[in-house]
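Colleague: There's a structure below that I have some questions on.
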Amino acid sequence: MLSKNILNALNNQIVKEGDAAQIYLAMASWAEKEGYDGIAEWFYAQHLEEIEHMLKIIKYVNERGEHGIVPKIEQPPSDFKSVYSLF
Ligand SMILES: [Fe+2]
């Protein structure tokens, strides 16, 4: 069992990890479209890392007998000014 505060904090962090994954994915897709293949690969890798963080927290919460909530997918920005602006 987890306290309500800790459970809420962990479920809020799951949302943040999911949002970060989405933003990195959008940046990867934009960079790939612009022909920056190496940069795109780097952002795709960051996307997967954030997904992994989200999974770890969901599993941790569930292992503690609680319920890790899968958040809704929010659409991230799809257009970026420059490679510089990504970083
Ligand atoms: Fe993360």
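Letters A, B, ... mark the chains of the structure tokens in the order given; residue numbers begin at 1 per chain; ligand numbers begin at 1, in order shown.
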Can I get the residues close to ligand 1 as a PDB file with C-alpha atoms, in the first residue's frame, where close means within 8 Å and we count only C-alpha atoms and all ligand atoms?
Modeller:
ATOM      1  CA  LYS A  16       4.899  13.794 -17.010  1.00  0.00           C
ATOM      2  CA  GLU A  17       6.863  10.842 -18.379  1.00  0.00           C
ATOM      3  CA  ALA A  20       7.942  13.951 -22.259  1.00  0.00           C
ATOM      4  CA  ALA A  21       7.780  10.834 -24.457  1.00  0.00           C
ATOM      5  CA  GLU A  49      13.640   6.181 -22.543  1.00  0.00           C
ATOM      6  CA  GLU A  50      10.662   8.227 -21.307  1.00  0.00           C
ATOM      7  CA  ILE A  51       8.280   5.375 -22.198  1.00  0.00           C
ATOM      8  CA  GLU A  52      10.496   3.114 -20.112  1.00  0.00           C
ATOM      9  CA  HIS A  53      10.326   5.542 -17.172  1.00  0.00           C
ATOM     10  CA  MET A  54       6.528   5.559 -17.441  1.00  0.00           C
TER      11      MET A  54
END
Colleague: If we count only C-alpha atoms, what is near A:Gly18 at a cut-off of 12 Å, once residues fewer than 4 positions away on the same chain are taken out, given as a list in words?
Modeller: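 Listed by chain and then number, they are Asn11, Asn12, Gln13, Ile14, Gln22, Ile23, Tyr24, Leu25, Gln46, His47, Leu48, Glu49, Glu50, Ile51, Glu52, His53, Met54, Leu55, Lys56, Ile57, Ile58, Ile69, Val70, Pro71, Lys72, Ile73, Glu74, Gln75 and Pro76 of chain A.
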Colleague: Neighbouring residues of A:Glu66 were defined as those with any atom within 8 Å, considering only C-alpha atoms; residues of the same chain fewer than 5 positions away were excluded. Please report them as a count of residues only.
Modeller: 4
Colleague: Would you please extract all helix (DSSP H, G or I) residues from chain A, as assigned by DSSP on the backbone, and give them as a VMD selection string?
Modeller: chain A and resid 4 to 33 37 to 63 83 to 86
Colleague: Using only C-alpha atoms, pick whichever of A:Leu10, A:Ala26, A:Ala45, A:Ala31 has the shortest atom-to-atom distance to A:His67.
Modeller: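 Among the listed residues, the smallest separation from A:His67 belongs to A:Leu10.
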Colleague: Please identify all polymer residues within 8 Å of stretch 39-42 of chain A, counting only C-alpha atoms, omitting same-chain residues fewer than 5 positions from it, and present them as a PyMOL selection string.
Modeller: chain A and resi 27-32
Colleague: Using only C-alpha atoms, which of A:Lys59, A:Asn8, A:Val83, A:Ser3 sits nearest A:Phe43?
Modeller: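 Of all the options, A:Val83 lies closest to A:Phe43.
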Colleague: When you count only C-alpha atoms, which of these residues is closest to A:Gly68: A:Asn5, A:Val15, A:Tyr44, A:Gly35?
Modeller: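 The closest residue to A:Gly68 is A:Val15.
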Colleague: Atom CA of A:Asp19 and atom CA of A:Arg64 are how many Å apart?
Modeller: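 Taking atom CA of A:Asp19 as the start and atom CA of A:Arg64 as the end point, the length is 23.8 Å.
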